[in-house]
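Undergrad: One structure coming up, written as structure tokens, with questions to follow.
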Amino acid sequence: MSERPTFQTREERKELFKIISDIKESSATLTDISRPMFNGNRFISDTELAKRLRVSKRTLANYRANGIIGFYNLEGKILYAESDIENYLKDHYLPPLL
């Protein structure tokens with residue numbers, strides 16, 4: 001005689017849907033943080049850099065005006081090369097005195 005297929009219990013289905021939900025969430029996060037490369041560089045917007053550095057957009061405007069950080073101005077859209085920002089941060093890192 002053929003055996004009847006076993007069905008998942010309610011708890012197993014719940015766990016399965018939780019795993020699927022976690023995968024979808026991770027996928028959405030990866031999509032949000034991934035940036036296409038242009039000629040080997042990744043670029044970020046004024047708003048995103050302000051969030052990452054936890055400074056205001058006005059502070060970034062001051063940095064640009066004073067020549068502290070380089071940027072690209074594409075018809076009013078301000079972009080920064082991630083590599084330029086990383087290099088600037090590395091160059092201005094002060095190690096602990098301990």
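Identifiers in this document derive from the order of the structure tokens: chains are assigned A, B, ..., residues are numbered from 1 separately in each chain, and ligands are numbered from 1 in order of occurrence.
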From the DSSP assignment of the backbone, select every residue of chain A that is helix (DSSP H, G or I), and format the answer as a PyMOL selection string.
TA: chain A and resi 10-33+46-53+57-65+82-91
Undergrad: Write out as a list in words which residues come within 9 Å of stretch 66-73 of chain A when counting only C-alpha atoms, dropping same-chain ones fewer than 6 positions away.
TA: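 Once the adjacent positions are removed, what remains is Leu60, Leu79, Tyr80, Ala81, Asp84, Ile85 and Tyr88 of chain A.
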Undergrad: Looking only at strand (DSSP E or B) from DSSP on the backbone, list the matching residues of chain A as a ChimeraX atom specification.
TA: /A:38,41,43-45,72-74,77-81
Undergrad: Calculated over only C-alpha atoms, which of the candidates A:Ala28, A:Glu15, A:Glu86, A:Ser21 has the smallest distance to A:Leu49?
TA: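 Closest candidate: A:Glu86.
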Undergrad: Taking only C-alpha atoms into account, name the residue in A:Arg10, A:Arg52, A:Lys24, A:Arg42 that is nearest to A:Ser83.
TA: A:Arg42
